[in-house]
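Okay, final18.txt is below, compact mmCIF, C-alpha atoms and all ligand atoms:
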# COMPACT_ATOMS: atom_id res chain seq x y z
CA MET A 1 0.00 0.00 0.00
CA VAL A 2 1.43 3.37 -0.99
CA TYR A 3 0.33 6.18 1.26
CA ARG A 4 0.91 9.86 0.68
CA ASP A 5 3.10 10.28 3.70
CA ASN A 6 5.48 8.02 5.58
CA THR A 7 5.15 8.94 9.18
CA SER A 8 5.41 6.92 12.32
CA ASP A 9 5.41 8.51 15.72
CA PRO A 10 5.19 7.25 19.25
CA VAL A 11 1.68 7.39 20.64
CA PRO A 12 1.48 9.92 23.45
CA ALA A 13 -0.29 8.42 26.43
CA THR A 14 -2.90 11.14 26.69
CA GLY A 15 -3.57 14.79 26.03
CA ARG A 16 -4.26 15.50 29.66
CA TRP A 17 -0.64 16.37 30.49
CA TYR A 18 -1.33 19.55 28.61
CA ALA A 19 -2.96 21.51 31.44
CA VAL A 20 0.03 20.84 33.67
CA ALA A 21 2.49 21.81 30.92
CA ALA A 22 0.55 25.01 30.18
CA GLU A 23 0.75 26.05 33.84
CA TYR A 24 4.49 25.35 33.85
CA ASP A 25 4.97 27.52 30.74
CA ARG A 26 3.07 30.44 32.21
CA VAL A 27 5.62 30.53 35.04
CA LEU A 28 8.63 29.71 32.81
CA TYR A 29 7.84 32.46 30.33
CA GLY A 30 6.97 34.99 33.01
CA MET A 31 3.35 35.15 31.92
CA ASP A 32 2.02 35.75 35.44
CA ALA A 33 1.43 39.42 34.63
CA LEU A 34 -0.79 38.42 31.72
CA LYS A 35 -2.42 35.81 33.88
CA ASP A 36 -3.60 38.54 36.23
CA SER A 37 -5.09 40.51 33.37
CA ASN A 38 -8.65 39.81 32.35
CA GLN A 39 -7.90 40.47 28.71
CA LYS A 40 -10.08 38.24 26.54
CA ILE A 41 -8.63 36.94 23.30
CA VAL A 42 -10.39 35.58 20.23
CA ALA A 43 -8.20 33.74 17.75
CA LEU A 44 -9.36 32.82 14.24
CA ALA A 45 -7.65 29.68 13.01
CA GLY A 46 -7.52 27.18 10.18
CA GLY A 47 -5.40 24.04 10.00
CA VAL A 48 -1.85 23.21 11.02
CA GLY A 49 -0.30 26.73 11.33
CA GLY A 50 -3.29 28.01 13.26
CA ALA A 51 -3.30 24.98 15.54
CA LYS A 52 0.39 25.38 16.38
CA PHE A 53 -0.04 29.03 17.29
CA LEU A 54 -3.15 28.25 19.36
CA GLN A 55 -1.15 25.68 21.28
CA GLY A 56 1.38 28.40 22.03
CA LEU A 57 -1.36 30.82 23.10
CA ALA A 58 -2.93 28.21 25.33
CA GLY A 59 0.42 27.90 27.07
CA ALA A 60 0.74 31.66 27.40
CA VAL A 61 -2.68 32.70 28.71
CA PRO A 62 -5.21 30.98 30.96
CA ASP A 63 -7.75 28.85 29.11
CA GLU A 64 -10.73 30.89 30.27
CA ARG A 65 -9.44 33.98 28.48
CA LEU A 66 -9.00 32.31 25.10
CA ILE A 67 -11.66 31.43 22.52
CA ALA A 68 -10.67 29.86 19.20
CA VAL A 69 -12.99 30.20 16.21
CA VAL A 70 -12.11 27.49 13.72
CA ASN A 71 -12.69 27.17 9.98
CA THR A 72 -15.18 24.47 9.00
CA ALA A 73 -15.32 25.17 5.26
CA ASP A 74 -12.76 22.34 4.74
CA ASP A 75 -15.29 19.87 6.19
CA PHE A 76 -16.51 17.09 3.96
CA GLU A 77 -18.06 13.66 4.00
CA LEU A 78 -15.95 10.55 3.44
CA TRP A 79 -17.53 7.09 3.36
CA GLY A 80 -20.53 8.49 5.23
CA LEU A 81 -18.41 10.12 7.96
CA HIS A 82 -18.44 13.84 8.69
CA ILE A 83 -14.81 14.99 8.80
CA SER A 84 -13.85 18.41 10.20
CA PRO A 85 -10.12 18.51 9.41
CA ASP A 86 -9.35 21.94 10.87
CA VAL A 87 -11.36 21.40 14.05
CA ASP A 88 -9.63 18.04 14.54
CA THR A 89 -6.18 19.46 13.84
CA VAL A 90 -6.79 22.15 16.47
CA MET A 91 -8.22 19.62 18.95
CA TYR A 92 -5.41 17.11 18.54
CA THR A 93 -2.73 19.82 18.72
CA LEU A 94 -4.20 21.38 21.86
CA ALA A 95 -4.54 17.92 23.39
CA GLY A 96 -0.88 17.25 22.62
CA ILE A 97 -1.65 14.17 20.51
CA ALA A 98 -1.21 15.55 16.95
CA ASN A 99 1.15 13.80 14.61
CA PRO A 100 4.25 16.03 14.78
CA ALA A 101 5.43 14.97 11.32
CA THR A 102 2.29 16.09 9.47
CA GLY A 103 0.61 18.46 11.94
CA TRP A 104 -2.73 16.71 11.26
CA GLY A 105 -3.94 13.29 12.40
CA ILE A 106 -2.87 11.54 15.59
CA ALA A 107 0.69 10.60 16.50
CA GLY A 108 1.39 6.91 16.09
CA ASP A 109 -2.03 6.20 14.62
CA THR A 110 -2.43 2.95 12.68
CA ARG A 111 -4.02 2.30 9.28
CA ALA A 112 -5.79 -1.01 9.50
CA THR A 113 -9.12 0.54 8.44
CA LEU A 114 -7.56 2.18 5.38
CA ASP A 115 -5.90 -1.12 4.46
CA GLY A 116 -9.28 -2.82 4.78
CA ILE A 117 -10.90 -0.19 2.57
CA ALA A 118 -8.11 -0.59 0.00
CA ALA A 119 -8.68 -4.38 0.07
CA TYR A 120 -12.23 -3.69 -1.12
CA GLY A 121 -10.78 -1.84 -4.10
CA GLU A 122 -11.44 1.72 -2.89
CA ASP A 123 -8.67 4.31 -3.12
CA PRO A 124 -7.75 5.32 0.44
CA TRP A 125 -6.80 8.78 -0.76
CA PHE A 126 -7.54 10.64 2.46
CA LEU A 127 -5.36 9.32 5.27
CA VAL A 128 -7.59 8.79 8.25
CA GLY A 129 -5.92 6.70 10.92
CA ASP A 130 -7.77 4.17 13.04
CA ARG A 131 -7.94 6.30 16.15
CA ASP A 132 -8.74 9.42 14.11
CA ILE A 133 -11.69 7.51 12.65
CA SER A 134 -13.18 7.20 16.14
CA THR A 135 -13.53 11.00 16.16
CA HIS A 136 -15.31 10.96 12.79
CA ILE A 137 -17.62 8.10 13.80
CA LEU A 138 -18.68 9.80 17.02
CA ARG A 139 -19.04 13.21 15.38
CA THR A 140 -21.23 11.75 12.64
CA HIS A 141 -23.28 9.74 15.13
CA ARG A 142 -23.87 12.72 17.43
CA LEU A 143 -24.77 15.00 14.50
CA ARG A 144 -27.30 12.43 13.32
CA GLU A 145 -28.72 12.26 16.84
CA GLY A 146 -29.41 15.98 16.55
CA GLN A 147 -26.46 17.65 18.25
CA SER A 148 -25.04 20.73 16.54
CA LEU A 149 -21.43 20.80 15.34
CA SER A 150 -20.57 23.16 18.21
CA GLU A 151 -22.12 20.81 20.78
CA VAL A 152 -20.28 17.84 19.29
CA THR A 153 -17.00 19.79 19.24
CA LYS A 154 -17.47 20.86 22.85
CA GLY A 155 -17.99 17.25 23.94
CA LEU A 156 -15.04 15.86 21.98
CA ALA A 157 -12.68 18.63 23.11
CA ALA A 158 -13.68 18.22 26.76
CA ALA A 159 -13.07 14.47 26.54
CA LEU A 160 -9.58 15.17 25.18
CA GLY A 161 -8.87 17.38 28.20
CA ILE A 162 -8.91 20.69 26.29
CA GLY A 163 -9.79 23.70 28.43
CA VAL A 164 -9.71 26.33 25.68
CA ARG A 165 -13.16 27.08 24.26
CA LEU A 166 -13.28 25.86 20.65
CA LEU A 167 -16.03 27.20 18.43
CA PRO A 168 -16.59 26.00 14.88
CA MET A 169 -17.21 29.12 12.78
CA SER A 170 -20.75 27.90 12.01
CA ASP A 171 -23.03 24.95 12.69
CA ASP A 172 -24.32 25.26 9.13
CA PRO A 173 -22.61 23.58 6.19
CA VAL A 174 -20.16 25.82 4.33
CA ARG A 175 -17.98 24.08 1.73
CA THR A 176 -14.95 25.56 0.00
CA GLN A 177 -14.83 24.90 -3.74
CA ILE A 178 -11.70 25.50 -5.81
CA ARG A 179 -11.79 26.23 -9.54
CA VAL A 180 -8.89 24.70 -11.44
CA ASP A 181 -8.30 24.22 -15.18
CA ASP A 182 -10.80 21.37 -15.51
CA GLY A 183 -13.57 22.81 -13.34
CA TRP A 184 -14.62 23.12 -9.69
CA LEU A 185 -13.29 20.72 -7.07
CA GLY A 186 -14.28 20.17 -3.47
CA PHE A 187 -11.54 21.52 -1.20
CA GLN A 188 -10.16 18.15 -0.06
CA ASP A 189 -10.22 16.79 -3.65
CA TYR A 190 -8.05 19.75 -4.61
CA PHE A 191 -5.88 19.83 -1.47
CA VAL A 192 -5.29 16.17 -0.68
CA GLY A 193 -6.58 14.32 -3.75
CA ARG A 194 -4.56 16.46 -6.18
CA ARG A 195 -1.91 17.54 -3.67
CA HIS A 196 -2.79 21.23 -4.24
CA GLU A 197 -0.71 21.14 -7.42
CA ASP A 198 -3.31 22.77 -9.71
CA ALA A 199 -3.25 26.50 -10.32
CA VAL A 200 -6.17 28.00 -8.42
CA LEU A 201 -8.37 30.11 -10.68
CA ASP A 202 -11.13 30.91 -8.21
CA VAL A 203 -12.42 30.08 -4.74
CA ARG A 204 -15.98 30.05 -3.47
CA PHE A 205 -17.62 29.06 -0.20
CA ASP A 206 -20.84 27.21 -0.92
CA GLY A 207 -23.56 27.80 1.66
CA ILE A 208 -21.91 30.80 3.28
CA GLU A 209 -24.71 33.31 2.63
CA ALA A 210 -27.20 31.09 4.45
CA ALA A 211 -24.84 30.22 7.31
CA SER A 212 -25.07 31.75 10.78
CA PRO A 213 -22.13 32.15 13.13
CA ALA A 214 -22.06 29.31 15.67
CA PRO A 215 -23.48 30.23 19.07
CA GLY A 216 -20.94 32.30 20.97
CA VAL A 217 -18.91 33.49 17.98
CA LEU A 218 -20.32 37.03 17.73
CA ASP A 219 -20.43 37.47 21.52
CA ALA A 220 -16.80 36.36 21.69
CA VAL A 221 -15.79 38.94 19.07
CA HIS A 222 -17.82 41.68 20.80
CA ASP A 223 -16.27 40.89 24.19
CA ALA A 224 -12.71 40.42 22.91
CA ASP A 225 -9.93 42.76 24.04
CA LEU A 226 -7.72 41.35 21.32
CA ILE A 227 -8.55 39.59 18.06
CA LEU A 228 -5.84 37.46 16.49
CA PHE A 229 -5.67 35.99 13.00
CA CYS A 230 -3.47 32.92 13.40
CA PRO A 231 -0.79 32.15 10.77
CA SER A 232 -3.33 30.29 8.64
CA ASN A 233 -4.05 30.55 4.93
CA PRO A 234 -5.83 33.93 4.55
CA ILE A 235 -7.85 32.83 1.51
CA VAL A 236 -9.13 29.38 2.43
CA SER A 237 -8.83 29.29 6.24
CA ILE A 238 -9.49 32.80 7.59
CA ALA A 239 -11.67 34.16 4.74
CA PRO A 240 -14.45 31.57 5.25
CA ILE A 241 -14.65 32.54 8.95
CA LEU A 242 -14.82 36.22 8.01
CA GLY A 243 -17.40 35.38 5.35
CA VAL A 244 -19.95 33.94 7.77
CA PRO A 245 -22.58 36.70 7.87
CA GLY A 246 -21.95 39.06 10.77
CA VAL A 247 -18.38 38.01 11.59
CA ARG A 248 -16.48 40.46 9.40
CA ASP A 249 -18.72 43.35 10.52
CA ALA A 250 -18.29 42.42 14.17
CA ILE A 251 -14.51 42.44 13.78
CA ALA A 252 -14.51 45.64 11.73
CA SER A 253 -16.58 47.44 14.34
CA SER A 254 -14.54 46.14 17.28
CA LYS A 255 -12.58 48.82 19.13
CA SER A 256 -10.01 46.20 20.16
CA PRO A 257 -6.84 45.64 18.17
CA VAL A 258 -6.90 43.06 15.40
CA ALA A 259 -3.50 41.46 14.83
CA CYS A 260 -2.40 38.96 12.19
CA ILE A 261 0.59 36.67 12.37
CA SER A 262 1.77 36.41 8.78
CA PRO A 263 1.63 32.90 7.31
CA ILE A 264 4.01 34.07 4.59
CA VAL A 265 7.66 34.21 5.63
CA GLY A 266 10.53 35.04 3.30
CA GLY A 267 8.21 35.05 0.28
CA LYS A 268 6.95 31.51 0.93
CA ALA A 269 3.92 30.04 2.62
CA LEU A 270 4.79 28.24 5.85
CA LYS A 271 2.60 25.39 4.58
CA GLY A 272 0.12 24.74 1.79
CA PRO A 273 -1.01 26.74 -1.23
CA ALA A 274 -1.34 30.29 0.19
CA ALA A 275 1.46 31.68 -2.01
CA GLY A 276 -0.20 30.76 -5.31
CA MET A 277 -3.57 31.97 -4.05
CA LEU A 278 -2.19 35.43 -3.16
CA GLU A 279 -0.40 35.60 -6.50
CA GLN A 280 -3.60 34.71 -8.37
CA ARG A 281 -5.25 37.73 -6.72
CA GLY A 282 -2.44 39.98 -7.91
CA LEU A 283 -1.02 40.37 -4.41
CA ASP A 284 2.61 40.12 -3.39
CA VAL A 285 3.59 36.79 -1.92
CA SER A 286 4.85 38.46 1.24
CA ALA A 287 3.71 39.64 4.64
CA ALA A 288 2.89 42.94 2.89
CA GLY A 289 0.64 41.05 0.46
CA VAL A 290 -1.14 39.39 3.39
CA ALA A 291 -1.55 42.81 5.04
CA ALA A 292 -3.01 44.21 1.81
CA TYR A 293 -5.37 41.23 1.51
CA TYR A 294 -6.85 41.93 4.96
CA GLY A 295 -6.92 45.68 4.36
CA ASP A 296 -8.44 47.84 7.09
CA LEU A 297 -9.64 44.83 9.06
CA VAL A 298 -6.15 44.27 10.51
CA ASP A 299 -4.43 46.90 12.67
CA VAL A 300 -1.22 45.07 13.52
CA MET A 301 0.93 42.74 11.40
CA ILE A 302 3.31 40.38 13.15
CA ILE A 303 6.03 39.50 10.67
CA ASP A 304 9.15 37.39 10.77
CA GLN A 305 12.64 38.79 11.30
CA VAL A 306 13.62 37.76 7.78
CA ASP A 307 10.90 40.14 6.51
CA ALA A 308 11.91 43.09 8.71
CA ALA A 309 12.66 45.17 5.59
CA LEU A 310 8.94 44.99 4.68
CA ALA A 311 7.99 47.00 7.78
CA PRO A 312 7.91 50.44 6.09
CA GLU A 313 5.70 49.09 3.26
CA ILE A 314 3.25 47.59 5.74
CA GLU A 315 3.34 50.71 7.93
CA ALA A 316 2.50 52.72 4.81
CA GLN A 317 -0.74 50.69 4.75
CA GLY A 318 -1.53 52.27 8.13
CA LYS A 319 -0.66 49.24 10.23
CA ARG A 320 1.61 48.75 13.19
CA VAL A 321 4.33 46.18 12.55
CA ILE A 322 5.85 43.85 15.13
CA VAL A 323 8.92 41.88 14.06
CA LEU A 324 9.46 38.53 15.80
CA GLN A 325 10.91 35.11 15.13
CA THR A 326 7.62 33.61 13.90
CA ILE A 327 8.68 30.17 12.65
CA MET A 328 7.36 27.71 15.19
CA GLY A 329 9.22 24.61 16.22
CA ASP A 330 8.16 22.43 19.13
CA ARG A 331 5.56 23.26 21.74
CA ASP A 332 7.97 25.36 23.84
CA ASP A 333 8.77 27.43 20.77
CA ARG A 334 5.06 27.98 20.07
CA VAL A 335 4.57 29.18 23.65
CA ARG A 336 7.62 31.42 23.22
CA LEU A 337 6.12 33.04 20.10
CA ALA A 338 2.66 33.46 21.64
CA SER A 339 4.22 34.96 24.77
CA GLU A 340 6.22 37.44 22.69
CA VAL A 341 3.13 38.36 20.68
CA MET A 342 1.13 38.96 23.86
CA ALA A 343 3.95 40.98 25.42
CA ALA A 344 4.35 43.12 22.29
CA LEU A 345 0.60 43.79 22.16
CA ALA A 346 0.21 44.46 25.89
N1 LIG B 401 -3.79 16.35 4.57
C1 LIG B 401 -3.06 15.77 3.59
O1 LIG B 401 -2.27 16.44 2.93
N2 LIG B 401 -3.24 14.42 3.28
C2 LIG B 401 -4.11 13.65 3.96
O2 LIG B 401 -4.24 12.46 3.66
C3 LIG B 401 -4.83 14.24 5.06
C4 LIG B 401 -5.67 13.49 5.86
C5 LIG B 401 -6.30 14.10 6.96
C6 LIG B 401 -7.09 13.34 7.82
C7 LIG B 401 -7.72 13.91 8.90
C8 LIG B 401 -7.56 15.30 9.13
O3 LIG B 401 -8.18 15.85 10.18
C9 LIG B 401 -6.78 16.06 8.29
C10 LIG B 401 -6.13 15.48 7.20
N3 LIG B 401 -5.32 16.22 6.36
C11 LIG B 401 -4.64 15.62 5.33
C12 LIG B 401 -5.14 17.64 6.56
C13 LIG B 401 -6.23 18.51 6.01
O4 LIG B 401 -6.97 17.97 4.99
C14 LIG B 401 -5.72 19.89 5.61
O5 LIG B 401 -4.59 20.25 6.35
C15 LIG B 401 -6.71 20.96 5.89
O6 LIG B 401 -7.98 20.74 5.42
C16 LIG B 401 -6.18 22.30 5.39
O7 LIG B 401 -6.27 23.16 6.44

Could you rewrite the structure in this file as structure tokens?
Amino acid sequence: MVYRDNTSDPVPATGRWYAVAAEYDRVLYGMDALKDSNQKIVALAGGVGGAKFLQGLAGAVPDERLIAVVNTADDFELWGLHISPDVDTVMYTLAGIANPATGWGIAGDTRATLDGIAAYGEDPWFLVGDRDISTHILRTHRLREGQSLSEVTKGLAAALGIGVRLLPMSDDPVRTQIRVDDGWLGFQDYFVGRRHEDAVLDVRFDGIEAASPAPGVLDAVHDADLILFCPSNPIVSIAPILGVPGVRDAIASSKSPVACISPIVGGKALKGPAAGMLEQRGLDVSAAGVAAYYGDLVDVMIIDQVDAALAPEIEAQGKRVIVLQTIMGDRDDRVRLASEVMAALA
């Protein structure tokens, strides 16, 4: 069986060590001052980059002050199962059980189910591990029993020991479609099935006009003292969240700062197809291009040291620029970045 990655990682015993580690980091990184503050933070996040930064934030500020709003426009149905890749990537990362080699899926997960599916002659093109499948089975079951996606997410996250409040952007179906040379593709067909190799000609979010923000999303934005756009793909991870009716307006009318951690560093996307998507819109593949994409919505751009020379160009767009080392390594490094971001914005 040829799979599209070749990872094998030790299985972490549980995600519950995370609360203890987060407390340790707050002391280690001198975050007690922030801990005393009541500042409430809302972070918009997509897949792997967003999840890594959220893990850092969760180590830098107490859980009760942090709400993550997660993209669900990558969701799709596979063999009858409802898969929410970005929600799961965030959950597994916060629980400390994500596969460190890929950023998605569960460390050390096995593939007996995929092998079984392949034995029936089906192409196991989307790599769901055996333990990961338990998430999709329960999510699908609970949705069919009548729970909303936010209720299901709350239950799964709590069971994984996650204290941060995770909100899917909407309980209603929104599905990203990508136009390539030979027509429109569902997002995962484009991203995983065709390894995001096609030039992207257009992007649309089916269902978005009829979608409502999930319960708590607008209140969280209204109450936030700080709104963060995680280093996620602006066009297919953050834009769907902003596109849910009411969300963009709520952010635009917020008096609190809106800061974006650039997912483009040194002219390249940290991960995935963001570079080509910016280019297709006639924007620079740079932190300045990301800043221009968000326009007036974003007040502060957090850019990498290697892009420090872009600061005047971004400042000319009327934004404050903070230069940090934004490439994230292990969990400690993610907490380090989040702590520096919080300190710079304090
Ligand atoms: N991404 C891949 O590139 N290949 C996969 O086979 C794959 C499987 C997968 C399974 C579960 C899951 O939660 C995520 C998975 N991803 C996979 C990642 C995911 O499709 C993308 O990272 C996001 O949709 C983009 O944010």

### Message
I want to know what sits within 9 Å of A:Thr326, based on only C-alpha atoms, with residues of the same chain fewer than 5 positions away left out; could you give that as a ChimeraX atom specification?
### Response
/A:261-263,265,302-305,334,337

### Task
Would you please work out which residue, of A:Gly163, A:Pro234, A:Gly146, A:Pro173, is nearest to A:Phe205 when using all atoms listed in the file?
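With all atoms listed in the file as the atom set, the closest residue is A:Pro173.
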
### Query
Using only C-alpha atoms, which residue out of A:Pro213, A:Tyr293, A:Pro168, A:Gln317 lies closest to A:Gln280?
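For A:Gln280, the nearest of the given residues is A:Tyr293.
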
#### Entry: For A:Val69, the nearest of the candidates A:Ala210, A:Val174, A:Val300, A:Leu228, counting all atoms listed in the file
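Residue with the minimum atom-to-atom distance to A:Val69: A:Leu228.
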
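Taking all atoms listed in the file, the non-local environment of A:Asp181 within 8 Å (same-chain residues fewer than 2 positions away omitted) comprises Arg179, Gly183, Asp198, Ala199 and Leu201 of chain A.
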
Closest atom pairs, chain A residues within 10 Å of ligand LIG 401 (chain B), all atoms listed in the file, as a Markdown table:
| residue | atom | partner | partner_atom | distance |
| --- | --- | --- | --- | --- |
| A:Tyr3 | CA | B:LIG401 | O2 | 8.1 |
| A:Arg4 | CA | B:LIG401 | O2 | 6.5 |
| A:Asp5 | CA | B:LIG401 | N2 | 7.6 |
| A:Ala45 | CA | B:LIG401 | O7 | 9.4 |
| A:Gly46 | CA | B:LIG401 | O7 | 5.6 |
| A:Gly47 | CA | B:LIG401 | O7 | 3.8 |
| A:Val48 | CA | B:LIG401 | O5 | 6.2 |
| A:Gly49 | CA | B:LIG401 | O7 | 8.5 |
| A:Gly50 | CA | B:LIG401 | O7 | 8.9 |
| A:Ala51 | CA | B:LIG401 | O7 | 9.7 |
| A:Asn71 | CA | B:LIG401 | O7 | 8.4 |
| A:Thr72 | CA | B:LIG401 | O6 | 8.9 |
| A:Ala73 | CA | B:LIG401 | O6 | 8.6 |
| A:Asp74 | CA | B:LIG401 | O6 | 5.1 |
| A:Asp75 | CA | B:LIG401 | O6 | 7.4 |
| A:Phe76 | CA | B:LIG401 | O6 | 9.4 |
| A:Ile83 | CA | B:LIG401 | O3 | 6.8 |
| A:Ser84 | CA | B:LIG401 | O3 | 6.2 |
| A:Pro85 | CA | B:LIG401 | O3 | 3.4 |
| A:Asp86 | CA | B:LIG401 | O7 | 5.5 |
| A:Val87 | CA | B:LIG401 | O3 | 7.5 |
| A:Asp88 | CA | B:LIG401 | O3 | 5.1 |
| A:Thr89 | CA | B:LIG401 | O3 | 5.5 |
| A:Val90 | CA | B:LIG401 | O3 | 9.0 |
| A:Met91 | CA | B:LIG401 | O3 | 9.5 |
| A:Tyr92 | CA | B:LIG401 | O3 | 8.9 |
| A:Ala98 | CA | B:LIG401 | O3 | 9.7 |
| A:Thr102 | CA | B:LIG401 | N1 | 7.8 |
| A:Gly103 | CA | B:LIG401 | O5 | 7.8 |
| A:Trp104 | CA | B:LIG401 | C9 | 5.1 |
| A:Gly105 | CA | B:LIG401 | C7 | 5.2 |
| A:Ile106 | CA | B:LIG401 | C7 | 8.6 |
| A:Pro124 | CA | B:LIG401 | O2 | 8.6 |
| A:Trp125 | CA | B:LIG401 | O2 | 6.3 |
| A:Phe126 | CA | B:LIG401 | O2 | 4.0 |
| A:Leu127 | CA | B:LIG401 | O2 | 3.7 |
| A:Val128 | CA | B:LIG401 | C6 | 4.6 |
| A:Gly129 | CA | B:LIG401 | C6 | 7.4 |
| A:Asp132 | CA | B:LIG401 | C7 | 7.0 |
| A:Ile133 | CA | B:LIG401 | C7 | 8.4 |
| A:Thr135 | CA | B:LIG401 | O3 | 9.4 |
| A:His136 | CA | B:LIG401 | C7 | 9.0 |
| A:Phe187 | CA | B:LIG401 | O6 | 7.6 |
| A:Gln188 | CA | B:LIG401 | O4 | 6.0 |
| A:Asp189 | CA | B:LIG401 | O4 | 9.3 |
| A:Tyr190 | CA | B:LIG401 | O4 | 9.8 |
| A:Phe191 | CA | B:LIG401 | O1 | 6.6 |
| A:Val192 | CA | B:LIG401 | O1 | 4.7 |
| A:Gly193 | CA | B:LIG401 | N2 | 7.8 |
| A:Arg194 | CA | B:LIG401 | O1 | 9.4 |
| A:Arg195 | CA | B:LIG401 | O1 | 6.7 |
| A:His196 | CA | B:LIG401 | O1 | 8.6 |
| A:Ser232 | CA | B:LIG401 | O7 | 8.0 |
| A:Asn233 | CA | B:LIG401 | O7 | 7.9 |
| A:Val236 | CA | B:LIG401 | O7 | 7.9 |
| A:Ser237 | CA | B:LIG401 | O7 | 6.6 |
| A:Lys271 | CA | B:LIG401 | O5 | 9.0 |
| A:Gly272 | CA | B:LIG401 | C16 | 7.7 |
| A:Pro273 | CA | B:LIG401 | C16 | 9.5 |

Please determine the residues with any atom at most 9 Å from (-20.5, 26.7, 22.6) (coordinates as given in the file, with only C-alpha atoms counting) and report them as a tab-separated table (two decimals) with C-alpha atoms, in the frame of the given file.
chain	number	residue	atom	x	y	z
A	150	SER	CA	-20.57	23.16	18.21
A	151	GLU	CA	-22.12	20.81	20.78
A	153	THR	CA	-17.00	19.79	19.24
A	154	LYS	CA	-17.47	20.86	22.85
A	165	ARG	CA	-13.16	27.08	24.26
A	166	LEU	CA	-13.28	25.86	20.65
A	167	LEU	CA	-16.03	27.20	18.43
A	168	PRO	CA	-16.59	26.00	14.88
A	214	ALA	CA	-22.06	29.31	15.67
A	215	PRO	CA	-23.48	30.23	19.07
A	216	GLY	CA	-20.94	32.30	20.97
A	217	VAL	CA	-18.91	33.49	17.98

#### Entry: Shell around A:Ile67 at 12 Å using all atoms listed in the file, local window under 4 positions removed, as a PyMOL selection string
chain A and resi 39-45+54+57-58+61-63+162-169+216-221+223-228

### Task
Skip A:Glu279 itself and residues of its chain fewer than 4 positions away, then list as a list in words all residues within 12 Å of it, counting only C-alpha atoms.
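Neighbouring residues, sequence-local ones excluded: Ala199, Val200, Leu201, Asp202, Ile235, Gly267, Lys268, Ala269, Pro273, Ala274, Ala275, Leu283, Asp284, Val285, Ser286, Gly289, Val290 and Tyr293 of chain A.
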
### Task
Between atom CA of A:Ala211 and atom CA of A:Ala292, measure the distance and give it in Å to one decimal.
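Interatomic distance, atom CA of A:Ala211 to atom CA of A:Ala292: 26.5 Å.
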
### Residue among A:Ile327, A:Ala157, A:Val247, A:Val298 lying closest to A:Ile264, counting only C-alpha atoms
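Using only C-alpha atoms, A:Ile264 sits closest to A:Ile327.
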
### Message
Which residue is closest to A:Ile178? Choose from A:Ile241, A:Leu310, A:Leu160, A:Met277 and count all atoms listed in the file.
### Response
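When distances to A:Ile178 are compared using all atoms listed in the file, the smallest one comes from A:Met277.
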
### Message
Applying 10 Å and only C-alpha atoms, which residues near A:Met328 remain after dropping the ones on its own chain fewer than 6 positions away? List them as a count of residues only.
### Response
10

### Task
Go ahead and compute the interatomic distance for atom CA of A:Ala344 and atom CA of A:Arg320, in Å to one decimal.
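According to the coordinates, atom CA of A:Ala344 and atom CA of A:Arg320 are separated by 11.0 Å.
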
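Straight-line separation from atom CA of A:Ser256 to atom CA of A:Leu345: 11.1 Å.
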
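Of the residues listed (A:Trp79, A:Gly96, A:Val70, A:Gly276), A:Val70 shows the shortest atom-to-atom separation from A:Ile238; distances use only C-alpha atoms.
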